[in-house]
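Q: Once you've had a glance at the structure underneath, I'll fire off some questions.
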Amino acid sequence: MPQTIHFQYTVPGDDFTRAGEASSSVKKALKKIGINPEVIRKVAIAMYEGEINMVIHAGGGSIDVDITPDEVRMVLVDHGPGIANIDLAMQEGWSTAPDDVRSLGFGAGMGLPNMKKCSDDMTVESVVGQGTTVRMTVLCH
Amino acid sequence: MKITPAVLARELGFSVLAGGQSLERAVDCAYSCDLLSFVMGRAPAGCAWVTVMGNVNAVAVAVLADCACVILADGVALDPAAKEKAEAQDVAVLSSGEPVFETALAVHELLSARQ
Ligand SMILES: Nc1ncnc2c1ncn2[C@@H]1O[C@H](COP(=O)(O)OP(=O)(O)OP(=O)(O)O)[C@@H](O)[C@H]1O
Ligand SMILES: [Mg+2]
């Protein structure tokens, strides 16, 4: 399987019932290809946390996924409010999630740390008032 | 003997709220938490996840974190959108009338006794 498989998703903002669809679909595709279950789990967790952050904090966005024999690359782009202090946002426990979202079980401030833990490489670029781009790579071996 | 969500339901008196083939999947351990990104980061694959979150996001988390089943404690309901998603994605969801700790403990004791 030398070629790259590409997926692209539009993540609707504020739709909690559909959040996770993009991640589930990538998870299914990886399973079909026969990728190692531990790798699949890392991709699924990292991508879901990024996807749900776009829904909760940024009004939606888009996700591009490239699957190669060696790695899974994810690029999540939104045009939300951006993150003023990325170092702070990356800390476990930091969250600006509103109360209505907390009552659904979100807002522990563990999403970005989970993404970091599950990916072999992660960068966050953000401009306040313009949006956020998160790039994550998970190695397949 | 393999412990599955179906076995948990039968042996511990939980009711089955959703699930097809997933009811026959192996359960390896019990895990409990209600904060979804804690579950994402910490729940072991193959766990029976005991929680009071019966919403659609909890079902998504169970799929992506690869939980063997969700057990809603304290008789908490699975909301209709969550039930639909659980059926569509084949996630086993059980219901226990006991609180979270007692529910997780019962699962743990059954697993220990059978190993
Ligand atoms: N795409 C984004 N756009 C704007 N702000 C974001 C975005 N992603 C994260 N943030 C900010 O970073 C904080 C930390 O994010 P993180 O995912 O770690 O926690 P959370 O989403 O608040 O809670 P949890 O993920 O545990 O449910 C958020 O509360 C929010 O302020
Ligand atoms: Mg988050």
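Ordered as shown in the structure tokens, chains take letters A, B, and onward, while each chain numbers its residues from 1 and ligands are numbered from 1 in the order shown.
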Report as a list in words which protein, DNA and RNA residues come within 6 Å of ligand 1, using only C-alpha atoms and all ligand atoms.
A: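 Taking only C-alpha atoms and all ligand atoms into account, the residues around ligand 1 at most 6 Å away are Asn53, Met54, His57, Ala58, Gly80, Pro81, Gly82, Ile83, Ala89, Met90, Trp94, Ser95, Thr96, Ala97, Phe106, Gly107, Ala108, Gly109, Met110, Gly111, Leu112, Pro113 and Thr132 of chain A; Ser37 of chain B.
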Q: Suppose we keep all heavy atoms; can you now write the selection as a compact mmCIF listing (two decimals), in the first residue's frame?
A:
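selection.txt, written as the output of this step:
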```txt
# COMPACT_ATOMS: atom_id res chain seq x y z
N ASN A 53 -12.95 20.21 20.25
CA ASN A 53 -12.50 21.57 20.57
C ASN A 53 -12.98 22.56 19.53
O ASN A 53 -13.38 23.68 19.85
CB ASN A 53 -10.97 21.64 20.67
CG ASN A 53 -10.48 21.24 22.05
OD1 ASN A 53 -11.26 20.99 22.95
ND2 ASN A 53 -9.16 21.17 22.20
N MET A 54 -12.95 22.15 18.26
CA MET A 54 -13.46 23.04 17.20
C MET A 54 -14.94 23.32 17.40
O MET A 54 -15.40 24.43 17.17
CB MET A 54 -13.35 22.34 15.85
CG MET A 54 -11.98 22.32 15.29
SD MET A 54 -12.16 21.41 13.75
CE MET A 54 -10.69 21.95 12.96
N HIS A 57 -15.17 25.39 21.04
CA HIS A 57 -14.46 26.66 21.23
C HIS A 57 -14.35 27.50 19.96
O HIS A 57 -13.96 28.66 20.04
CB HIS A 57 -13.03 26.39 21.74
CG HIS A 57 -12.96 25.56 22.98
ND1 HIS A 57 -13.45 25.99 24.19
CD2 HIS A 57 -12.46 24.31 23.20
CE1 HIS A 57 -13.25 25.04 25.11
NE2 HIS A 57 -12.66 24.01 24.54
N ALA A 58 -14.63 26.94 18.80
CA ALA A 58 -14.30 27.68 17.58
C ALA A 58 -15.42 27.73 16.54
O ALA A 58 -15.20 28.24 15.43
CB ALA A 58 -13.02 27.09 16.96
N GLY A 80 -12.04 30.31 14.45
CA GLY A 80 -12.66 30.75 15.71
C GLY A 80 -11.88 31.87 16.36
O GLY A 80 -11.09 32.55 15.69
N PRO A 81 -12.04 32.04 17.66
CA PRO A 81 -11.45 33.18 18.36
C PRO A 81 -9.93 33.07 18.57
O PRO A 81 -9.29 34.06 18.94
CB PRO A 81 -12.16 33.16 19.72
CG PRO A 81 -12.56 31.74 19.90
CD PRO A 81 -12.88 31.22 18.54
N GLY A 82 -9.37 31.89 18.32
CA GLY A 82 -7.94 31.71 18.56
C GLY A 82 -7.63 31.48 20.03
O GLY A 82 -8.52 31.57 20.89
N ILE A 83 -6.38 31.15 20.31
CA ILE A 83 -5.94 30.87 21.69
C ILE A 83 -4.87 31.90 22.05
O ILE A 83 -3.83 31.98 21.39
CB ILE A 83 -5.35 29.44 21.79
CG1 ILE A 83 -6.38 28.41 21.31
CG2 ILE A 83 -4.91 29.15 23.22
CD1 ILE A 83 -5.83 26.99 21.20
N ALA A 89 -3.01 26.96 27.62
CA ALA A 89 -4.06 26.06 27.11
C ALA A 89 -3.59 24.61 27.10
O ALA A 89 -4.39 23.68 27.28
CB ALA A 89 -4.47 26.49 25.70
N MET A 90 -2.29 24.40 26.92
CA MET A 90 -1.75 23.03 26.87
C MET A 90 -1.65 22.39 28.25
O MET A 90 -1.45 21.19 28.36
CB MET A 90 -0.33 23.04 26.25
CG MET A 90 -0.27 23.39 24.77
SD MET A 90 -1.10 22.21 23.70
CE MET A 90 -0.21 20.72 24.10
N TRP A 94 -6.52 23.38 32.47
CA TRP A 94 -6.92 24.73 32.02
C TRP A 94 -8.06 24.62 31.03
O TRP A 94 -7.96 23.92 30.03
CB TRP A 94 -5.74 25.44 31.36
CG TRP A 94 -6.19 26.72 30.69
CD1 TRP A 94 -6.46 26.89 29.37
CD2 TRP A 94 -6.47 27.98 31.31
NE1 TRP A 94 -6.88 28.18 29.12
CE2 TRP A 94 -6.90 28.87 30.31
CE3 TRP A 94 -6.40 28.44 32.64
CZ2 TRP A 94 -7.25 30.19 30.57
CZ3 TRP A 94 -6.74 29.75 32.89
CH2 TRP A 94 -7.17 30.61 31.87
N SER A 95 -9.15 25.33 31.33
CA SER A 95 -10.31 25.27 30.45
C SER A 95 -11.12 26.55 30.53
O SER A 95 -11.28 27.11 31.61
CB SER A 95 -11.20 24.09 30.83
OG SER A 95 -12.39 24.13 30.08
N THR A 96 -11.62 27.00 29.40
CA THR A 96 -12.55 28.13 29.39
C THR A 96 -13.95 27.64 28.97
O THR A 96 -14.80 28.44 28.60
CB THR A 96 -12.10 29.23 28.41
OG1 THR A 96 -12.08 28.68 27.09
CG2 THR A 96 -10.72 29.76 28.76
N ALA A 97 -14.17 26.34 29.02
CA ALA A 97 -15.46 25.78 28.59
C ALA A 97 -16.60 26.36 29.42
O ALA A 97 -16.50 26.42 30.65
CB ALA A 97 -15.44 24.26 28.72
N PHE A 106 -17.68 17.88 29.33
CA PHE A 106 -16.46 18.49 28.81
C PHE A 106 -15.92 19.50 29.81
O PHE A 106 -16.57 19.80 30.80
CB PHE A 106 -16.75 19.19 27.47
CG PHE A 106 -17.23 18.25 26.42
CD1 PHE A 106 -18.56 18.26 26.01
CD2 PHE A 106 -16.38 17.32 25.84
CE1 PHE A 106 -19.02 17.39 25.04
CE2 PHE A 106 -16.83 16.44 24.88
CZ PHE A 106 -18.16 16.47 24.47
N GLY A 107 -14.72 20.01 29.52
CA GLY A 107 -14.19 21.11 30.32
C GLY A 107 -13.22 20.70 31.42
O GLY A 107 -12.93 21.47 32.31
N ALA A 108 -12.69 19.48 31.33
CA ALA A 108 -11.68 19.06 32.30
C ALA A 108 -10.33 19.71 31.99
O ALA A 108 -9.41 19.70 32.81
CB ALA A 108 -11.53 17.54 32.29
N GLY A 109 -10.20 20.27 30.80
CA GLY A 109 -8.92 20.86 30.42
C GLY A 109 -7.88 19.79 30.10
O GLY A 109 -6.68 19.97 30.30
N MET A 110 -8.35 18.68 29.59
CA MET A 110 -7.46 17.55 29.30
C MET A 110 -7.35 17.25 27.81
O MET A 110 -6.62 16.36 27.40
CB MET A 110 -7.97 16.29 30.01
CG MET A 110 -7.94 16.36 31.53
SD MET A 110 -6.28 16.48 32.16
CE MET A 110 -5.75 14.79 31.86
N GLY A 111 -8.11 17.97 26.99
CA GLY A 111 -8.15 17.67 25.56
C GLY A 111 -6.82 17.89 24.87
O GLY A 111 -6.28 16.97 24.24
N LEU A 112 -6.28 19.09 24.98
CA LEU A 112 -4.98 19.38 24.33
C LEU A 112 -3.86 18.49 24.90
O LEU A 112 -3.07 17.95 24.12
CB LEU A 112 -4.65 20.87 24.45
CG LEU A 112 -5.45 21.80 23.52
CD1 LEU A 112 -5.28 23.27 23.93
CD2 LEU A 112 -5.02 21.63 22.05
N PRO A 113 -3.79 18.31 26.23
CA PRO A 113 -2.78 17.37 26.75
C PRO A 113 -2.94 15.95 26.20
O PRO A 113 -1.95 15.28 25.90
CB PRO A 113 -3.01 17.40 28.27
CG PRO A 113 -3.62 18.74 28.54
CD PRO A 113 -4.46 19.06 27.33
N THR A 132 -7.27 28.98 14.63
CA THR A 132 -6.28 28.05 15.16
C THR A 132 -6.03 26.93 14.16
O THR A 132 -6.96 26.44 13.52
CB THR A 132 -6.81 27.45 16.49
OG1 THR A 132 -7.07 28.51 17.41
CG2 THR A 132 -5.81 26.47 17.11
N SER B 37 -12.84 13.99 28.70
CA SER B 37 -11.46 13.93 28.22
C SER B 37 -10.54 13.19 29.20
O SER B 37 -9.46 12.74 28.82
CB SER B 37 -10.92 15.30 27.82
OG SER B 37 -10.94 16.18 28.89
```
Q: Run DSSP on the backbone and tell me which residues of segment 63-137 of chain A come out as strand (DSSP E or B); list them as a list in words.
A: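 Selecting the strand (DSSP E or B) positions of segment 63-137 of chain A gives Ile63, Asp64, Val65, Asp66, Ile67, Glu71, Val72, Arg73, Met74, Val75, Leu76, Val77, Asp78, Asp121, Met122, Thr123, Val124, Glu125, Ser126, Val127, Gly131, Thr132, Thr133, Val134, Arg135, Met136 and Thr137 of chain A.
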Q: Generate the output file for the selected residues, N, CA and C atoms, as a CSV table (one decimal), in the first residue's frame.
A:
```
chain,number,residue,atom,x,y,z
A,63,ILE,N,-11.0,19.4,8.8
A,63,ILE,CA,-10.0,18.5,9.1
A,63,ILE,C,-9.5,17.8,7.9
A,64,ASP,N,-8.2,17.8,7.7
A,64,ASP,CA,-7.6,17.0,6.6
A,64,ASP,C,-6.8,15.9,7.2
A,65,VAL,N,-7.0,14.7,6.7
A,65,VAL,CA,-6.2,13.5,7.2
A,65,VAL,C,-5.5,12.8,6.1
A,66,ASP,N,-4.2,12.6,6.2
A,66,ASP,CA,-3.4,11.8,5.2
A,66,ASP,C,-2.9,10.6,5.9
A,67,ILE,N,-3.2,9.4,5.3
A,67,ILE,CA,-2.8,8.1,5.9
A,67,ILE,C,-1.7,7.6,4.9
A,71,GLU,N,2.8,6.9,8.5
A,71,GLU,CA,2.2,7.8,9.5
A,71,GLU,C,0.8,8.3,9.1
A,72,VAL,N,0.1,8.8,10.2
A,72,VAL,CA,-1.2,9.4,9.9
A,72,VAL,C,-1.0,10.9,10.3
A,73,ARG,N,-1.2,11.8,9.3
A,73,ARG,CA,-1.1,13.2,9.6
A,73,ARG,C,-2.5,13.9,9.6
A,74,MET,N,-2.7,14.7,10.6
A,74,MET,CA,-4.0,15.4,10.7
A,74,MET,C,-3.8,16.9,10.8
A,75,VAL,N,-4.5,17.6,10.0
A,75,VAL,CA,-4.4,19.1,10.1
A,75,VAL,C,-5.8,19.6,10.4
A,76,LEU,N,-6.0,20.3,11.5
A,76,LEU,CA,-7.3,20.9,11.9
A,76,LEU,C,-7.3,22.4,11.9
A,77,VAL,N,-8.1,22.9,11.0
A,77,VAL,CA,-8.1,24.4,10.8
A,77,VAL,C,-9.5,25.0,11.3
A,78,ASP,N,-9.4,26.0,12.1
A,78,ASP,CA,-10.7,26.7,12.4
A,78,ASP,C,-10.5,28.2,12.3
A,121,ASP,N,4.1,14.0,17.0
A,121,ASP,CA,4.5,15.4,16.8
A,121,ASP,C,3.2,16.2,16.8
A,122,MET,N,3.3,17.4,17.4
A,122,MET,CA,2.1,18.2,17.4
A,122,MET,C,2.5,19.7,17.5
A,123,THR,N,1.9,20.5,16.6
A,123,THR,CA,2.1,21.9,16.7
A,123,THR,C,0.8,22.6,16.7
A,124,VAL,N,0.7,23.7,17.4
A,124,VAL,CA,-0.5,24.6,17.5
A,124,VAL,C,-0.1,26.0,17.1
A,125,GLU,N,-0.8,26.5,16.0
A,125,GLU,CA,-0.6,27.9,15.6
A,125,GLU,C,-1.9,28.5,15.8
A,126,SER,N,-1.9,29.7,16.4
A,126,SER,CA,-3.1,30.4,16.7
A,126,SER,C,-2.9,31.9,16.6
A,127,VAL,N,-3.9,32.6,16.0
A,127,VAL,CA,-3.9,34.0,16.0
A,127,VAL,C,-5.2,34.5,16.6
A,131,GLY,N,-8.1,32.5,14.3
A,131,GLY,CA,-8.3,31.1,14.3
A,131,GLY,C,-7.1,30.3,14.7
A,132,THR,N,-7.3,29.0,14.6
A,132,THR,CA,-6.3,28.1,15.2
A,132,THR,C,-6.0,26.9,14.2
A,133,THR,N,-4.8,26.6,14.0
A,133,THR,CA,-4.4,25.4,13.2
A,133,THR,C,-3.6,24.4,14.1
A,134,VAL,N,-4.1,23.2,14.1
A,134,VAL,CA,-3.4,22.2,14.9
A,134,VAL,C,-2.9,21.1,13.9
A,135,ARG,N,-1.6,20.8,14.0
A,135,ARG,CA,-1.1,19.7,13.1
A,135,ARG,C,-0.6,18.6,14.1
A,136,MET,N,-1.1,17.4,13.8
A,136,MET,CA,-0.6,16.2,14.6
A,136,MET,C,-0.2,15.1,13.6
A,137,THR,N,0.9,14.4,14.1
A,137,THR,CA,1.3,13.2,13.3
A,137,THR,C,1.4,12.0,14.3
```
Q: Which residue out of A:Asp87, A:His141, A:Ser119, A:Gly105 has the minimum interatomic distance to chain B when only C-alpha atoms are used?
A: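 The answer is A:Gly105, which sits nearest to chain B.
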Q: Pick from B:Leu111, B:Val39, B:Leu64, B:Ala86: nearest to chain A, with only C-alpha atoms counted?
A: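 So, comparing all the options, the nearest one is B:Leu64.
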Q: Compile the contact shell of segment 11-26 of chain B as a list of chain:residue names: residues with an atom at most 6 Å away, counting only C-alpha atoms, same-chain residues fewer than 2 positions apart removed.
A: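 So the residues in contact are B:Ile3, B:Thr4, B:Pro5, B:Ala6, B:Val7, B:Leu8, B:Ala9, B:Glu87, B:Asp90, B:Val91, B:Ala92, B:Val93, B:Leu94, B:Ser95, B:Ser96.
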Q: With ligand 2 as the partner and 12 Å as the cut-off, tabulate the residues of chain B that qualify, each row holding the nearest pair of atoms and their distance in Å to one decimal, using only C-alpha atoms and all ligand atoms, sorted by chain and rising number, as a tab-separated table.
A:
```
residue	atom	partner	partner_atom_place_in_ligand_line	distance
B:Leu35	CA	ligand 2	1 (Mg)	10.8
B:Leu36	CA	ligand 2	1 (Mg)	9.2
B:Ser37	CA	ligand 2	1 (Mg)	7.0
B:Phe38	CA	ligand 2	1 (Mg)	10.4
B:Met40	CA	ligand 2	1 (Mg)	10.6
B:Gly41	CA	ligand 2	1 (Mg)	11.5
```
Q: Using only C-alpha atoms, pick whichever of A:Ser24, A:Thr68, A:Gln130, A:Thr10 has the shortest atom-to-atom distance to chain B.
A: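 Once distances to chain B are computed over only C-alpha atoms, the minimum belongs to A:Ser24.
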Q: Which residues of chain A are close to chain B, meaning at most 10 Å apart when you count only C-alpha atoms, and how do they look as a ChimeraX atom specification?
A: /A:16-21,23-24,27,37-38,40-49,52,102-115,117-118
Q: Give me the residues within 8 Å of Ile56 of chain A as a ChimeraX atom specification, counting only C-alpha atoms and dropping any in the same chain fewer than 6 places off.
A: /A:13-14,97,101
Q: Given the choices A:Ala22, A:Asp70, A:Gly129, A:Val39, which gets closest to Ile5 of chain A if the distance is worked out from only C-alpha atoms?
A: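 Counting only C-alpha atoms, the residue closest to Ile5 of chain A is A:Asp70.
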Q: Let's see if you can do this: from backbone DSSP, list all alpha helix (DSSP H) residues in segment 69-113 of chain B, as an NGL selection string.
A: :B and (80-89 or 100-113)
Q: Give me, please, the distance in Å between atom CA of Asp15 of chain A and atom CA of Ile71 of chain B, quoted to one decimal.
A: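 It comes out at 24.7 Å.
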Q: Which residues are near Pro69 of chain A? Cut-off 10 Å, only C-alpha atoms, ignore same chain within fewer than 4 positions. Put them as a short mmCIF file (atom, residue, chain, number, x, y, z; two decimals) with all heavy atoms, in the first residue's frame.
A:
```
data_model
loop_
_atom_site.label_atom_id
_atom_site.label_comp_id
_atom_site.auth_asym_id
_atom_site.auth_seq_id
_atom_site.Cartn_x
_atom_site.Cartn_y
_atom_site.Cartn_z
N MET A 1 0.84 -1.20 0.00
CA MET A 1 0.00 0.00 0.00
C MET A 1 0.88 1.25 0.00
O MET A 1 1.04 1.92 1.03
CB MET A 1 -0.90 0.00 1.24
CG MET A 1 -1.97 1.06 1.17
SD MET A 1 -2.72 1.41 2.79
CE MET A 1 -1.34 2.06 3.72
N PRO A 2 1.49 1.60 -1.12
CA PRO A 2 2.46 2.70 -1.11
C PRO A 2 1.80 4.09 -1.17
O PRO A 2 2.42 5.06 -0.83
CB PRO A 2 3.29 2.45 -2.38
CG PRO A 2 2.40 1.65 -3.28
CD PRO A 2 1.33 1.00 -2.46
N GLN A 3 0.53 4.14 -1.56
CA GLN A 3 -0.05 5.47 -1.79
C GLN A 3 -0.59 6.09 -0.51
O GLN A 3 -0.73 5.43 0.51
CB GLN A 3 -1.16 5.39 -2.85
CG GLN A 3 -2.49 4.88 -2.38
CD GLN A 3 -2.56 3.35 -2.34
OE1 GLN A 3 -1.57 2.68 -2.10
NE2 GLN A 3 -3.74 2.81 -2.57
N THR A 4 -0.90 7.35 -0.62
CA THR A 4 -1.48 8.09 0.50
C THR A 4 -3.00 8.12 0.35
O THR A 4 -3.51 8.32 -0.74
CB THR A 4 -0.95 9.54 0.49
OG1 THR A 4 0.46 9.50 0.62
CG2 THR A 4 -1.53 10.33 1.64
N ILE A 5 -3.70 7.88 1.47
CA ILE A 5 -5.15 8.00 1.46
C ILE A 5 -5.50 9.32 2.13
O ILE A 5 -4.98 9.64 3.20
CB ILE A 5 -5.81 6.83 2.23
CG1 ILE A 5 -5.32 5.50 1.66
CG2 ILE A 5 -7.33 6.93 2.14
CD1 ILE A 5 -5.76 4.32 2.47
N ILE A 33 -7.90 -0.91 6.89
CA ILE A 33 -6.56 -1.05 6.30
C ILE A 33 -5.70 -2.02 7.10
O ILE A 33 -4.72 -2.55 6.60
CB ILE A 33 -5.84 0.32 6.23
CG1 ILE A 33 -6.69 1.35 5.50
CG2 ILE A 33 -4.49 0.21 5.56
CD1 ILE A 33 -6.18 2.77 5.62
N ILE A 35 -4.35 -1.26 10.27
CA ILE A 35 -3.36 -0.56 11.09
C ILE A 35 -3.41 -1.12 12.53
O ILE A 35 -4.46 -1.52 13.01
CB ILE A 35 -3.67 0.96 11.11
CG1 ILE A 35 -3.67 1.53 9.69
CG2 ILE A 35 -2.76 1.74 12.03
CD1 ILE A 35 -2.34 1.93 9.14
N LEU A 139 2.87 8.18 14.29
CA LEU A 139 3.65 7.20 13.52
C LEU A 139 3.00 5.83 13.59
O LEU A 139 2.44 5.44 14.62
CB LEU A 139 5.09 7.13 14.07
CG LEU A 139 5.86 8.46 14.04
CD1 LEU A 139 7.25 8.27 14.65
CD2 LEU A 139 5.96 9.02 12.62
N CYS A 140 3.08 5.09 12.49
CA CYS A 140 2.40 3.79 12.43
C CYS A 140 3.26 2.65 13.00
O CYS A 140 2.77 1.54 13.17
CB CYS A 140 2.00 3.46 10.99
SG CYS A 140 0.75 4.58 10.37
N HIS A 141 4.55 2.90 13.23
CA HIS A 141 5.39 1.79 13.72
C HIS A 141 6.08 2.16 15.02
O HIS A 141 6.35 3.31 15.25
CB HIS A 141 6.45 1.44 12.67
CG HIS A 141 5.86 1.23 11.31
ND1 HIS A 141 5.14 0.12 10.96
CD2 HIS A 141 5.83 2.05 10.22
CE1 HIS A 141 4.72 0.24 9.70
NE2 HIS A 141 5.13 1.41 9.23
#
```
Q: Take atom CA of Glu102 of chain B and atom CA of Glu92 of chain A and report the distance between them in Å, one decimal.
A: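 Interatomic distance, atom CA of Glu102 of chain B to atom CA of Glu92 of chain A: 28.8 Å.
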